[in-house]
Structure formats: C-alpha cells, structure tokens
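The next block is final.cif, given as mmCIF, C-alpha atoms (C1' of nucleotides).
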```cif
data_target
loop_
_atom_site.label_atom_id
_atom_site.label_comp_id
_atom_site.auth_asym_id
_atom_site.auth_seq_id
_atom_site.Cartn_x
_atom_site.Cartn_y
_atom_site.Cartn_z
CA MET A 1 0.00 0.00 0.00
CA GLN A 2 2.85 2.34 0.81
CA VAL A 3 4.13 1.76 -2.68
CA ARG A 4 0.71 2.45 -4.20
CA ILE A 5 0.58 5.71 -2.33
CA MET A 6 4.05 6.73 -3.44
CA LYS A 7 3.21 5.94 -7.04
CA ALA A 8 0.04 8.00 -6.86
CA PHE A 9 2.03 10.78 -5.23
CA ILE A 10 4.38 10.83 -8.20
CA GLU A 11 1.45 10.71 -10.62
CA GLU A 12 0.01 13.78 -8.93
CA ILE A 13 3.35 15.53 -9.23
CA HIS A 14 3.48 14.55 -12.84
CA ASN A 15 0.10 16.14 -13.56
CA LYS A 16 -0.10 19.12 -11.28
CA GLY A 17 3.48 19.69 -10.22
CA MET A 18 4.44 19.84 -6.58
CA LYS A 19 1.23 21.64 -5.74
CA PHE A 20 -1.54 19.16 -5.10
CA THR A 21 -3.56 18.46 -1.98
CA MET A 22 -3.87 15.40 0.16
CA ASP A 23 -7.53 15.36 -0.91
CA ASP A 24 -6.37 15.09 -4.51
CA LEU A 25 -4.10 12.24 -3.58
CA ALA A 26 -6.79 10.36 -1.64
CA ARG A 27 -9.25 10.85 -4.48
CA ARG A 28 -6.76 9.51 -7.00
CA LEU A 29 -6.17 6.48 -4.79
CA GLY A 30 -9.90 6.01 -4.22
CA ILE A 31 -9.35 5.90 -0.47
CA SER A 32 -10.23 8.29 2.30
CA LYS A 33 -7.77 10.68 3.85
CA ARG A 34 -8.23 8.77 7.07
CA THR A 35 -6.84 5.63 5.46
CA LEU A 36 -4.11 7.63 3.78
CA TYR A 37 -2.94 8.88 7.15
CA GLU A 38 -2.93 5.33 8.48
CA HIS A 39 -0.03 4.63 6.15
CA PHE A 40 1.93 7.85 6.31
CA PRO A 41 2.02 10.28 9.21
CA SER A 42 2.36 13.33 6.98
CA LYS A 43 2.64 14.59 3.45
CA ILE A 44 6.31 15.41 3.74
CA ASP A 45 6.84 11.92 5.02
CA ILE A 46 5.67 10.45 1.73
CA LEU A 47 8.03 12.71 -0.15
CA ASP A 48 10.90 11.88 2.18
CA THR A 49 10.27 8.19 1.74
CA ILE A 50 10.26 8.46 -2.02
CA ILE A 51 13.52 10.38 -2.00
CA GLU A 52 15.06 8.05 0.54
CA GLN A 53 14.16 4.96 -1.43
CA THR A 54 15.18 6.22 -4.85
CA LEU A 55 18.52 7.48 -3.60
CA ALA A 56 19.16 4.26 -1.70
CA GLU A 57 18.23 2.21 -4.74
CA PHE A 58 20.51 4.38 -6.86
CA ASP A 59 23.40 3.79 -4.47
CA GLU A 60 22.71 0.06 -4.41
CA LYS A 61 22.79 -0.22 -8.17
CA THR A 62 26.00 1.80 -8.23
CA GLU A 63 27.60 -0.28 -5.52
CA LYS A 64 26.66 -3.48 -7.33
CA ILE A 65 28.38 -2.23 -10.47
CA ILE A 66 31.50 -1.23 -8.59
CA GLN A 67 31.71 -4.59 -6.88
CA ASP A 68 31.19 -6.53 -10.09
CA ASP A 69 34.52 -8.19 -10.88
CA GLN A 70 33.32 -9.13 -14.35
CA LEU A 71 33.37 -5.51 -15.46
CA SER A 72 36.39 -3.57 -16.63
CA LEU A 73 37.00 -0.13 -15.18
CA LEU A 74 35.73 1.44 -18.37
CA GLU A 75 32.54 -0.60 -18.26
CA LYS A 76 32.08 0.32 -14.64
CA ILE A 77 32.40 4.04 -15.33
CA LYS A 78 30.02 3.77 -18.22
CA SER A 79 27.48 1.79 -16.25
CA VAL A 80 27.66 3.98 -13.17
CA ILE A 81 26.99 7.12 -15.18
CA THR A 82 24.00 5.59 -16.94
CA VAL A 83 22.25 4.34 -13.82
CA VAL A 84 18.72 5.68 -13.94
CA PRO A 85 16.86 5.96 -10.64
CA LYS A 86 13.50 4.32 -10.06
CA TYR A 87 10.60 6.77 -10.45
CA ASN A 88 12.88 8.67 -12.77
CA GLU A 89 10.03 10.85 -14.03
CA PHE A 90 10.28 12.35 -10.58
CA TYR A 91 13.72 13.72 -11.36
CA ASP A 92 12.71 16.44 -13.74
CA LEU A 93 14.03 20.00 -13.87
CA ARG A 94 10.57 21.52 -13.76
CA ILE A 95 9.62 19.48 -10.70
CA LEU A 96 12.89 20.18 -8.97
CA GLU A 97 12.44 23.89 -9.43
CA GLN A 98 9.10 23.71 -7.68
CA MET A 99 10.52 21.47 -5.00
CA LYS A 100 13.22 24.05 -4.33
CA ARG A 101 10.45 26.50 -3.54
CA PHE A 102 7.97 24.36 -1.62
CA TYR A 103 10.23 21.75 0.00
CA PRO A 104 13.68 23.32 0.19
CA GLU A 105 15.08 20.69 2.56
CA GLN A 106 14.08 17.85 0.28
CA TRP A 107 15.33 19.72 -2.73
CA GLU A 108 18.69 20.26 -1.13
CA ARG A 109 19.03 16.61 -0.36
CA ILE A 110 18.45 15.71 -3.99
CA HIS A 111 20.61 18.55 -5.18
CA ASN A 112 23.51 17.34 -3.06
CA ALA A 113 23.06 13.78 -4.24
CA LEU A 114 23.05 14.97 -7.84
CA ASN A 115 26.18 17.04 -7.39
CA GLN A 116 28.35 14.85 -5.21
CA TRP A 117 28.64 11.45 -6.82
CA ASP A 118 31.64 10.32 -4.79
CA ALA A 119 31.50 6.77 -6.11
CA LEU A 120 31.97 8.03 -9.64
CA ARG A 121 34.77 10.38 -8.65
CA GLU A 122 36.71 7.50 -7.18
CA LEU A 123 36.33 5.51 -10.38
CA ILE A 124 37.51 8.50 -12.38
CA GLU A 125 40.50 8.99 -10.11
CA GLN A 126 41.35 5.34 -10.44
CA GLY A 127 40.97 5.71 -14.19
CA ILE A 128 43.45 8.55 -14.23
CA ARG A 129 45.94 6.67 -12.12
CA GLU A 130 45.70 3.69 -14.43
CA GLY A 131 46.10 5.84 -17.52
CA LEU A 132 42.64 4.99 -18.79
CA ILE A 133 41.34 8.50 -18.37
CA VAL A 134 43.05 11.64 -19.61
CA GLU A 135 45.01 13.52 -17.01
CA ARG A 136 43.02 16.61 -16.25
CA ASN A 137 41.63 18.42 -13.25
CA VAL A 138 39.36 15.89 -11.58
CA GLN A 139 36.95 18.53 -10.33
CA LEU A 140 36.54 19.82 -13.83
CA ILE A 141 35.96 16.36 -15.25
CA MET A 142 33.39 15.68 -12.55
CA LYS A 143 31.63 18.95 -13.18
CA LEU A 144 31.50 18.20 -16.87
CA ILE A 145 30.04 14.72 -16.36
CA ILE A 146 27.58 15.92 -13.75
CA ASP A 147 26.39 18.87 -15.80
CA ALA A 148 26.09 16.68 -18.87
CA THR A 149 24.12 13.95 -17.16
CA ASN A 150 22.01 16.47 -15.28
CA SER A 151 20.87 17.86 -18.59
CA ALA A 152 19.04 14.55 -18.90
CA LEU A 153 16.75 16.03 -16.23
CA ASP A 154 15.47 18.48 -18.81
CA ARG A 155 12.50 16.35 -19.80
CA ARG A 156 10.98 19.03 -21.95
CA PHE A 157 13.96 18.92 -24.27
CA PHE A 158 13.74 15.16 -24.70
CA LEU A 159 10.01 15.24 -25.19
CA GLU A 160 10.38 17.88 -27.89
CA ASN A 161 13.03 15.84 -29.64
CA SER A 162 11.44 12.46 -28.94
CA ILE A 163 14.50 10.91 -27.37
CA THR A 164 14.16 8.65 -24.36
CA VAL A 165 16.11 9.48 -21.26
CA SER A 166 18.01 6.23 -21.45
CA ASP A 167 18.99 6.73 -25.08
CA ALA A 168 20.09 10.25 -24.29
CA LEU A 169 22.19 9.16 -21.33
CA ASN A 170 23.85 6.48 -23.40
CA SER A 171 24.67 8.93 -26.16
CA ILE A 172 25.96 11.46 -23.67
CA VAL A 173 28.22 8.94 -22.01
CA ASP A 174 29.57 7.72 -25.32
CA ILE A 175 30.39 11.24 -26.38
CA LEU A 176 31.97 12.10 -23.04
CA LEU A 177 34.10 8.99 -23.09
CA PHE A 178 35.08 8.76 -26.72
CA GLY A 179 34.50 12.27 -27.99
CA LEU A 180 32.60 13.82 -30.82
CA ILE A 181 35.39 13.20 -33.27
CA ASN A 182 35.17 10.07 -35.33
CA SER A 183 38.42 8.31 -34.62
CA SER A 184 37.68 5.28 -36.76
CA PRO A 185 38.62 5.56 -40.44
CA GLU A 186 35.73 6.26 -42.79
CA LYS A 187 33.84 3.23 -43.95
CA MET B 1 33.70 57.97 -22.29
CA GLN B 2 30.93 55.57 -23.20
CA VAL B 3 33.41 52.78 -22.76
CA ARG B 4 34.53 54.11 -19.38
CA ILE B 5 30.94 54.16 -18.24
CA MET B 6 30.28 50.65 -19.45
CA LYS B 7 33.38 49.38 -17.70
CA ALA B 8 32.36 51.06 -14.47
CA PHE B 9 28.90 49.60 -14.92
CA ILE B 10 30.37 46.12 -15.08
CA GLU B 11 32.57 46.83 -12.08
CA GLU B 12 29.50 47.79 -10.09
CA ILE B 13 27.80 44.59 -11.16
CA HIS B 14 30.87 42.68 -10.16
CA ASN B 15 30.82 44.13 -6.65
CA LYS B 16 27.18 44.59 -5.80
CA GLY B 17 25.40 42.43 -8.34
CA MET B 18 22.70 43.85 -10.59
CA LYS B 19 21.39 46.03 -7.78
CA PHE B 20 23.30 49.28 -7.71
CA THR B 21 22.14 52.82 -8.22
CA MET B 22 23.04 55.40 -10.78
CA ASP B 23 24.43 57.42 -7.85
CA ASP B 24 26.81 54.54 -7.10
CA LEU B 25 27.85 54.47 -10.73
CA ALA B 26 28.41 58.23 -10.91
CA ARG B 27 30.39 58.16 -7.68
CA ARG B 28 32.58 55.36 -8.98
CA LEU B 29 33.23 57.35 -12.15
CA GLY B 30 33.86 60.53 -10.21
CA ILE B 31 31.36 62.39 -12.34
CA SER B 32 27.95 63.80 -11.60
CA LYS B 33 24.75 62.10 -12.58
CA ARG B 34 24.11 65.03 -14.85
CA THR B 35 27.21 64.19 -16.88
CA LEU B 36 26.36 60.50 -16.79
CA TYR B 37 23.02 61.21 -18.38
CA GLU B 38 24.74 63.26 -21.07
CA HIS B 39 26.26 60.05 -22.36
CA PHE B 40 23.45 57.58 -21.88
CA PRO B 41 19.74 58.37 -21.87
CA SER B 42 18.93 55.71 -19.28
CA LYS B 43 20.28 52.97 -17.12
CA ILE B 44 18.82 50.19 -19.21
CA ASP B 45 20.42 51.79 -22.20
CA ILE B 46 23.87 51.20 -20.75
CA LEU B 47 23.02 47.59 -20.13
CA ASP B 48 21.57 47.18 -23.61
CA THR B 49 24.66 48.68 -25.15
CA ILE B 50 26.94 46.34 -23.24
CA ILE B 51 24.91 43.33 -24.29
CA GLU B 52 24.66 44.55 -27.87
CA GLN B 53 28.38 45.11 -28.17
CA THR B 54 29.50 41.89 -26.54
CA LEU B 55 27.12 39.78 -28.58
CA ALA B 56 28.10 41.56 -31.77
CA GLU B 57 31.77 41.14 -30.96
CA PHE B 58 31.16 37.47 -30.21
CA ASP B 59 29.47 37.01 -33.58
CA GLU B 60 32.28 38.84 -35.35
CA LYS B 61 34.94 36.62 -33.82
CA THR B 62 32.90 33.58 -34.73
CA GLU B 63 32.36 34.75 -38.28
CA LYS B 64 36.05 35.47 -38.71
CA ILE B 65 36.87 31.92 -37.66
CA ILE B 66 34.32 30.42 -40.00
CA GLN B 67 35.61 32.46 -42.93
CA ASP B 68 39.24 31.62 -42.24
CA ASP B 69 40.35 29.32 -45.04
CA GLN B 70 43.55 28.46 -43.20
CA LEU B 71 41.63 26.49 -40.58
CA SER B 72 40.42 22.93 -40.90
CA LEU B 73 36.85 22.13 -39.93
CA LEU B 74 38.05 20.63 -36.69
CA GLU B 75 40.04 23.73 -35.83
CA LYS B 76 37.07 25.87 -36.67
CA ILE B 77 34.77 23.94 -34.37
CA LYS B 78 37.30 24.05 -31.60
CA SER B 79 37.92 27.76 -32.01
CA VAL B 80 34.26 28.69 -32.27
CA ILE B 81 33.42 26.87 -29.05
CA THR B 82 36.23 28.55 -27.14
CA VAL B 83 35.44 32.10 -28.16
CA VAL B 84 35.21 34.13 -24.98
CA PRO B 85 33.18 37.33 -25.12
CA LYS B 86 34.62 40.67 -24.12
CA TYR B 87 33.66 41.69 -20.57
CA ASN B 88 33.35 38.00 -19.89
CA GLU B 89 33.12 38.54 -16.13
CA PHE B 90 29.72 39.88 -17.02
CA TYR B 91 28.59 36.45 -18.15
CA ASP B 92 28.35 34.82 -14.75
CA LEU B 93 25.58 32.55 -13.49
CA ARG B 94 25.03 34.57 -10.33
CA ILE B 95 24.69 37.79 -12.32
CA LEU B 96 22.44 36.21 -14.90
CA GLU B 97 20.11 34.95 -12.20
CA GLN B 98 19.72 38.48 -10.90
CA MET B 99 19.33 39.82 -14.40
CA LYS B 100 16.50 37.37 -15.01
CA ARG B 101 14.70 38.98 -12.08
CA PHE B 102 15.46 42.65 -12.58
CA TYR B 103 15.90 42.89 -16.35
CA PRO B 104 13.98 39.96 -17.81
CA GLU B 105 14.09 41.28 -21.37
CA GLN B 106 17.84 41.65 -21.33
CA TRP B 107 18.23 38.28 -19.67
CA GLU B 108 16.16 36.62 -22.34
CA ARG B 109 18.25 38.13 -25.07
CA ILE B 110 21.39 36.71 -23.51
CA HIS B 111 19.69 33.43 -22.74
CA ASN B 112 18.66 33.01 -26.35
CA ALA B 113 22.10 33.89 -27.59
CA LEU B 114 23.61 31.33 -25.21
CA ASN B 115 21.21 28.61 -26.28
CA GLN B 116 20.97 29.09 -30.00
CA TRP B 117 24.44 29.12 -31.47
CA ASP B 118 23.38 28.53 -35.05
CA ALA B 119 26.86 29.09 -36.43
CA LEU B 120 28.18 26.22 -34.37
CA ARG B 121 25.30 23.95 -35.29
CA GLU B 122 26.06 24.43 -38.96
CA LEU B 123 29.70 23.50 -38.39
CA ILE B 124 28.62 20.41 -36.48
CA GLU B 125 26.20 19.41 -39.23
CA GLN B 126 28.92 19.88 -41.79
CA GLY B 127 31.20 17.80 -39.58
CA ILE B 128 28.68 14.98 -39.50
CA ARG B 129 28.21 15.08 -43.27
CA GLU B 130 31.95 14.93 -43.79
CA GLY B 131 32.34 12.06 -41.35
CA LEU B 132 34.44 14.11 -38.97
CA ILE B 133 31.85 14.09 -36.22
CA VAL B 134 30.06 11.01 -34.93
CA GLU B 135 26.60 10.47 -36.33
CA ARG B 136 24.22 11.29 -33.50
CA ASN B 137 21.19 13.43 -32.94
CA VAL B 138 22.34 16.96 -33.72
CA GLN B 139 20.05 18.53 -31.16
CA LEU B 140 21.50 16.31 -28.48
CA ILE B 141 25.07 17.10 -29.49
CA MET B 142 24.26 20.80 -29.45
CA LYS B 143 22.62 20.56 -26.06
CA LEU B 144 25.62 18.74 -24.71
CA ILE B 145 28.09 21.31 -26.03
CA ILE B 146 25.97 24.22 -24.91
CA ASP B 147 25.39 22.84 -21.43
CA ALA B 148 29.05 22.01 -21.09
CA THR B 149 30.29 25.41 -22.20
CA ASN B 150 27.61 27.17 -20.19
CA SER B 151 29.00 25.56 -17.08
CA ALA B 152 31.94 27.87 -17.68
CA LEU B 153 29.54 30.59 -16.53
CA ASP B 154 29.69 29.15 -13.04
CA ARG B 155 32.46 31.46 -11.88
CA ARG B 156 32.20 30.35 -8.29
CA PHE B 157 33.26 26.86 -9.25
CA PHE B 158 36.31 28.08 -11.12
CA LEU B 159 37.29 30.46 -8.38
CA GLU B 160 37.08 27.68 -5.82
CA ASN B 161 39.21 25.44 -7.97
CA SER B 162 41.50 28.18 -9.24
CA ILE B 163 41.03 27.42 -12.90
CA THR B 164 40.75 30.25 -15.39
CA VAL B 165 37.74 30.38 -17.64
CA SER B 166 39.90 30.01 -20.72
CA ASP B 167 41.72 26.98 -19.39
CA ALA B 168 38.45 25.41 -18.41
CA LEU B 169 36.90 26.03 -21.80
CA ASN B 170 39.90 24.53 -23.53
CA SER B 171 39.76 21.45 -21.34
CA ILE B 172 36.06 21.10 -21.86
CA VAL B 173 36.37 21.31 -25.62
CA ASP B 174 39.18 18.80 -25.69
CA ILE B 175 37.16 16.36 -23.66
CA LEU B 176 34.05 16.88 -25.74
CA LEU B 177 35.95 16.39 -28.96
CA PHE B 178 38.34 13.60 -28.06
CA GLY B 179 36.72 12.06 -25.02
CA LEU B 180 37.81 11.22 -21.53
CA ILE B 181 39.36 7.97 -22.60
CA ASN B 182 43.04 8.01 -23.35
CA SER B 183 43.26 6.68 -26.85
CA SER B 184 47.03 7.01 -27.14
CA PRO B 185 49.05 4.02 -25.92
CA GLU B 186 50.59 4.47 -22.50
CA LYS B 187 53.92 6.21 -22.46
"C1'" DA C 1 -12.38 -1.20 9.08
"C1'" DT C 2 -13.30 2.23 5.69
"C1'" DA C 3 -15.47 6.00 3.26
"C1'" DA C 4 -17.39 10.48 3.34
"C1'" DA C 5 -17.92 14.60 5.04
"C1'" DA C 6 -17.47 18.12 8.48
"C1'" DC C 7 -14.19 20.48 11.23
"C1'" DT C 8 -10.10 23.21 12.90
"C1'" DA C 9 -5.76 25.18 13.36
"C1'" DT C 10 -2.12 26.60 10.33
"C1'" DT C 11 -0.14 28.15 6.32
"C1'" DT C 12 -0.38 30.37 2.06
"C1'" DT C 13 -2.17 33.61 -0.83
"C1'" DT C 14 -4.04 37.96 -1.97
"C1'" DG C 15 -4.91 42.61 -1.58
"C1'" DT C 16 -3.97 47.13 0.51
"C1'" DT C 17 -1.62 50.63 2.59
"C1'" DT C 18 2.56 52.83 3.92
"C1'" DA C 19 7.39 53.65 3.67
"C1'" DT C 20 11.63 53.50 1.07
"C1'" DT C 21 14.41 53.54 -2.79
"C1'" DT C 22 15.89 55.27 -6.95
"C1'" DA C 23 15.88 56.86 -12.04
"C1'" DG C 24 15.91 60.88 -14.06
"C1'" DT C 25 15.49 66.29 -13.66
"C1'" DT C 26 16.29 70.64 -12.00
"C1'" DT C 27 18.62 74.13 -9.34
"C1'" DA C 28 22.54 76.44 -7.26
"C1'" DC C 29 27.07 77.28 -7.44
"C1'" DA C 30 32.16 77.13 -8.85
"C1'" DT D 1 30.88 73.50 -18.54
"C1'" DG D 2 30.61 70.38 -14.95
"C1'" DT D 3 29.87 69.12 -9.87
"C1'" DA D 4 27.09 68.64 -5.98
"C1'" DA D 5 23.07 68.52 -3.93
"C1'" DA D 6 18.15 68.94 -3.74
"C1'" DC D 7 14.00 67.43 -5.88
"C1'" DT D 8 10.12 64.60 -7.89
"C1'" DA D 9 7.55 61.00 -9.79
"C1'" DA D 10 7.53 56.39 -10.22
"C1'" DA D 11 8.75 51.97 -8.93
"C1'" DT D 12 9.92 48.78 -5.34
"C1'" DA D 13 9.71 46.82 -1.03
"C1'" DA D 14 7.88 46.25 3.73
"C1'" DA D 15 4.11 45.73 6.82
"C1'" DC D 16 -0.11 44.42 7.65
"C1'" DA D 17 -4.75 42.51 7.42
"C1'" DA D 18 -8.21 39.77 5.35
"C1'" DA D 19 -9.41 35.76 2.73
"C1'" DA D 20 -8.66 31.27 0.93
"C1'" DA D 21 -6.61 26.89 0.89
"C1'" DT D 22 -5.20 22.85 2.99
"C1'" DA D 23 -2.80 19.35 6.33
"C1'" DG D 24 -4.27 16.69 9.63
"C1'" DT D 25 -8.32 15.25 13.01
"C1'" DT D 26 -12.70 13.97 14.37
"C1'" DT D 27 -17.41 12.52 13.65
"C1'" DT D 28 -20.96 9.85 11.43
"C1'" DA D 29 -22.58 6.28 9.01
"C1'" DT D 30 -21.95 1.81 6.72
#
```
Please render this file's structure as structure tokens.
Amino acid sequence: MQVRIMKAFIEEIHNKGMKFTMDDLARRLGISKRTLYEHFPSKIDILDTIIEQTLAEFDEKTEKIIQDDQLSLLEKIKSVITVVPKYNEFYDLRILEQMKRFYPEQWERIHNALNQWDALRELIEQGIREGLIVERNVQLIMKLIIDATNSALDRRFFLENSITVSDALNSIVDILLFGLINSSPEK
Amino acid sequence: MQVRIMKAFIEEIHNKGMKFTMDDLARRLGISKRTLYEHFPSKIDILDTIIEQTLAEFDEKTEKIIQDDQLSLLEKIKSVITVVPKYNEFYDLRILEQMKRFYPEQWERIHNALNQWDALRELIEQGIREGLIVERNVQLIMKLIIDATNSALDRRFFLENSITVSDALNSIVDILLFGLINSSPEK
DNA sequence: ATAAAACTATTTTTGTTTATTTAGTTTACA
DNA sequence: TGTAAACTAAATAAACAAAAATAGTTTTAT
C-alpha cells in the first residue's frame, strides 16, 4: 500500500506539479484521507520516503556495479553514469524547481546527491591513475560529467526531440568517453 | 567615455550584483549624474549597449573563424566553441540569475544567444556530413556542447578550484571532442 | 475497518496601505 | 561647462490585514 501511495504521489506531481492536496491524492487512490494517514504520518513523510528509497536504490545499483569483478573499469564508469533511478520521471528540472520552492530541505538533499557522486569520482580517479582517463583536473571532469548527465533532467527537451532518457544518457556517455570526433577511419 | 561608463557599470555589477544605483555608478566614475546622463539616456540603455556590443563582438569573432580558409573544420569547431566574449566577467551565473529577475528582457536576449548558437550547429552538421563528427542526434550534441560550455559561466566553481575560464573552456572542448578515454598508448 | 464529510488550526495567498528607494530632472554654485 | 546637492515622480519593497486553501483530526454512518 505504501508503494501504491508513493506511485500515486508521483502521478500527482506529474500532472499538477508539486502543488496538489492530500484530498487530490486520496481521491486519486480512491481511499479516504483517514486511510491515507494510516499509512503515512504526513505529506512530507511520503516525499521523504520516495527520496530516501530512490537514492538508496541508486546507491545500491552503483555499488553493485563497482563490486562486479566481471566488469572492466571502463565498463564500470560507463554503467555507473548511466544508472537511472526508479521513479525517474520524478527527477525532472521543472519538478525540482518547484521542489526548491515548496520543500527546500528535500530539494537540497536531492541537489547534493546529484552534485556529489563520490562513487563516480573514485572511479575516475582510479581511471586517471591507471592511464585509462586523460590527465586533467578531476573537479573539472566531474563537473562536466555531472552537468552533462544532469541535462538529462530536462525532460521538456527530450520530449520535444522524442528521445528517451536512457537513449540520451547512453549517447551522452559515449560522447563524453570517446568524444565527438570520429576516430575510426571512414567506412 | 561611453566605454569608461560601461566598464564602471560592469565593475559595479561585479561588486554589488545587478542592484546598484546610478548614484553609485556616478560616484565610482567621479562624475555627476548630470554628466552621466549626457552620455546615456537611461540605465537600461547602458546595459543594452553592453549586451549589444559583446554579442556583436562574439558574432564577429565567430564569423572570422568560420571564414578563415587556413583552418580545418576541426580547428574551426574548436575555435568557435572557445570564443570568450569581451567583458566575460559579465557572463556569470550569479549575475544572470539576478538579471533574469530585474531585467527579464535583457536576460532573455542573452539566454537566447547562449542557447541558439546557429553558427556552431552548422559546423557540427557539416562535420557529421563529412564524417568528422560522430553520427548522432544533432540537437543532443548541441545541447551537450551548450550545457558544457555554459558551465563555464559558473564562476564560483572556477574560483574555488583556481582554474581560469579560458583553461576550463579549452579542457572542456578537448574532452568533448576527443573524449575522456586516453586513446594514445601508455607512455 | 473504511469512506465520506465536516471540522479546525495553520499556512499560504491575496490585496492594501505605507514607507523607502531610486531613475531621471532641475537648481545652485564654482 | 561640470559638480554637488536637492528634488520629484515612479517603482519597489515592507508591513499588515483579510481571505482562501489545505494538512491533519474527528465525527458519522456503513
């Protein structure tokens, strides 16, 4: 039931943005507010739980990739960057902007998560040490990767150009890793 | 004198953000408001002139690069991306945020200029046709380049990491063009 | 137990008035 | 001719009150 509520919560966000009422949510779920409050003590609590779970799930996926001995460092870097969080429609620039206004604490938590990415930085540093990655300012590399992947949060852009988020992320990673220049000889 | 005023204008912005008075500006210049208004009819007019001139100068530099027969397509692309506008301290995220609030029209003009970049798109398209650039969605490539170069507007980041804007832009372009992966065999 | 609706205590929003700031002008004076 | 300072009209912000919306609770009925 908790999951049903969280899904409906995200559906509401998707339709009306961050500004919807608990009455809306109960109506969408076809349950009474009373029942709703049996499962979550407060509105913010639902939001916190969603954030908590998606970030945790994101970290798990990342950790699993890092621990996977089958993967080369390059594959690990590639995979880690292209991890897409559950409820990914939730991570949308438009939504985040509203969240910054109405739930600044929650926004900050997401913002930090999106701009830290320590696991990736360690992989990049390892990559540099091993000569896999070009030797440049790590902070700058991180900023570039983060900014590039964060542009995948601009759902409007992808909708307008009918590209899926996953396709976009894959393209972005390929370009970041191997560059825009065609190194292979012409066919 | 117009130039002196514009420079002082930018200095004021640099110190106090977009919110400074014409009295501040006159004081900084050591002239009276009366004299100030002899040279510019209004405050917005100074701002408009600065924007006008920097954008025009940016376009000129770009055009010169494109017309230069000495340069290969690759060199052209690289050069065009790394063009830095005059008064570049003016193009700073923090400032632009304030400009969006206090001078929305002017902000939009800059915003459009920063997010259009038709000259570059044509070079990229040519690059794809000629097989120089990887064959991917042009819009996505453009978005990636624009987002990446726009992160050079985040002056705080560069200050904190003591990187100059030019260095950063050069690094960014190199990475975008040739990728993070070291293609050359280890030394 | 659960839904539906009524209820309440807060928060948010909206509108209004007042006070402050400031762009642009005018005046006085060197 | 140009500075400094005073001035004004307009915009901006601050303060406040009234109104509306809504999170969370309670009641009623099934």
Distance filter 8 Å, only C-alpha atoms, chain A against chain B, as a PyMOL selection string: chain A and resi 131-134+136+139-140+144+147-148+151+161+168+171-172+175-182+186
Here's the selection I'm unsure about, the PyMOL selection byres ((chain B) within 10 of (chain D)); applied to the file above, which residues does it give, as a short mmCIF file (atom, residue, chain, number, x, y, z; two decimals) with C-alpha atoms, in the frame of the given file?
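out_4.cif, written as the output of this step:
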```
data_model
loop_
_atom_site.label_atom_id
_atom_site.label_comp_id
_atom_site.auth_asym_id
_atom_site.auth_seq_id
_atom_site.Cartn_x
_atom_site.Cartn_y
_atom_site.Cartn_z
CA GLY B 30 33.86 60.53 -10.21
CA ILE B 31 31.36 62.39 -12.34
CA SER B 32 27.95 63.80 -11.60
CA LYS B 33 24.75 62.10 -12.58
CA ARG B 34 24.11 65.03 -14.85
CA THR B 35 27.21 64.19 -16.88
#
```
If you take every atom of stretch 146-151 of chain B that the file lists and fit an axis-aligned box around them with 6 Å extra on each side, what centre and edge lengths come out in Å to one decimal, as lines of an AutoDock Vina configuration file?
```
center_x = 27.8
center_y = 24.6
center_z = -21.0
size_x = 16.9
size_y = 17.2
size_z = 19.8
```
Neighbours of chain A in chain C at 10 Å, counting only C-alpha atoms (C1' of nucleotides), as a list in words: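 So the residues of chain C near chain A are DA1, DT2, DA3 and DA4 of chain C.
Each of A:Leu159, A:Met18, A:Ala56, A:Val80 was checked against A:Asp68 using only C-alpha atoms; the smallest atom-to-atom distance is that of A:Val80.
Between atom CA of A:Ile44 and atom CA of A:Ala8 the separation is 14.4 Å.
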Point-to-point distance in Å for atom CA of B:Ile10 and atom CA of B:Glu108: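 Taking atom CA of B:Glu108 as the start and atom CA of B:Ile10 as the end point, the length is 18.6 Å.
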Within 12 Å of B:His14 using only C-alpha atoms (C1' of nucleotides), minus same-chain residues under 2 positions, as number ranges by chain: B: 7-12, 16-20, 87-96, 98, 155
Distance in Å - atom CA of B:Leu73 versus atom CA of B:Asp59: 17.8 Å
The PyMOL selection byres ((chain A and resi 84) around 9) - which residues does that actually catch in the file I just gave you? List them as a PDB file with C-alpha atoms, in the coordinates of the input.
```
ATOM      1  CA  PHE A  58      20.510   4.380  -6.860  1.00  0.00           C
ATOM      2  CA  ILE A  81      26.990   7.120 -15.180  1.00  0.00           C
ATOM      3  CA  THR A  82      24.000   5.590 -16.940  1.00  0.00           C
ATOM      4  CA  VAL A  83      22.250   4.340 -13.820  1.00  0.00           C
ATOM      5  CA  PRO A  85      16.860   5.960 -10.640  1.00  0.00           C
ATOM      6  CA  LYS A  86      13.500   4.320 -10.060  1.00  0.00           C
ATOM      7  CA  TYR A  87      10.600   6.770 -10.450  1.00  0.00           C
ATOM      8  CA  ASN A  88      12.880   8.670 -12.770  1.00  0.00           C
ATOM      9  CA  VAL A 165      16.110   9.480 -21.260  1.00  0.00           C
ATOM     10  CA  SER A 166      18.010   6.230 -21.450  1.00  0.00           C
ATOM     11  CA  LEU A 169      22.190   9.160 -21.330  1.00  0.00           C
TER      12      LEU A 169
END
```
Since the input has fewer atoms than a full residue there, write stretch 159-170 of chain B out with N, CA and C atoms, as a compact mmCIF listing (two decimals), in the frame of the given file.
```
# COMPACT_ATOMS: atom_id res chain seq x y z
N LEU B 159 36.57 29.75 -9.42
CA LEU B 159 37.29 30.46 -8.38
C LEU B 159 37.74 29.47 -7.30
N GLU B 160 36.79 28.65 -6.87
CA GLU B 160 37.08 27.68 -5.82
C GLU B 160 38.18 26.71 -6.23
N ASN B 161 38.22 26.42 -7.52
CA ASN B 161 39.21 25.44 -7.97
C ASN B 161 40.38 26.09 -8.71
N SER B 162 40.46 27.39 -8.58
CA SER B 162 41.50 28.18 -9.24
C SER B 162 41.86 27.68 -10.65
N ILE B 163 40.85 27.69 -11.48
CA ILE B 163 41.03 27.42 -12.90
C ILE B 163 40.56 28.69 -13.63
N THR B 164 41.26 29.10 -14.65
CA THR B 164 40.75 30.25 -15.39
C THR B 164 39.68 29.78 -16.37
N VAL B 165 38.84 30.71 -16.74
CA VAL B 165 37.74 30.38 -17.64
C VAL B 165 38.28 29.84 -18.96
N SER B 166 39.33 30.46 -19.45
CA SER B 166 39.90 30.01 -20.72
C SER B 166 40.44 28.59 -20.63
N ASP B 167 41.20 28.34 -19.58
CA ASP B 167 41.72 26.98 -19.39
C ASP B 167 40.58 25.97 -19.34
N ALA B 168 39.58 26.32 -18.56
CA ALA B 168 38.45 25.41 -18.41
C ALA B 168 37.80 25.13 -19.76
N LEU B 169 37.54 26.21 -20.50
CA LEU B 169 36.90 26.03 -21.80
C LEU B 169 37.73 25.14 -22.72
N ASN B 170 39.04 25.36 -22.69
CA ASN B 170 39.90 24.53 -23.53
C ASN B 170 39.84 23.07 -23.13
```
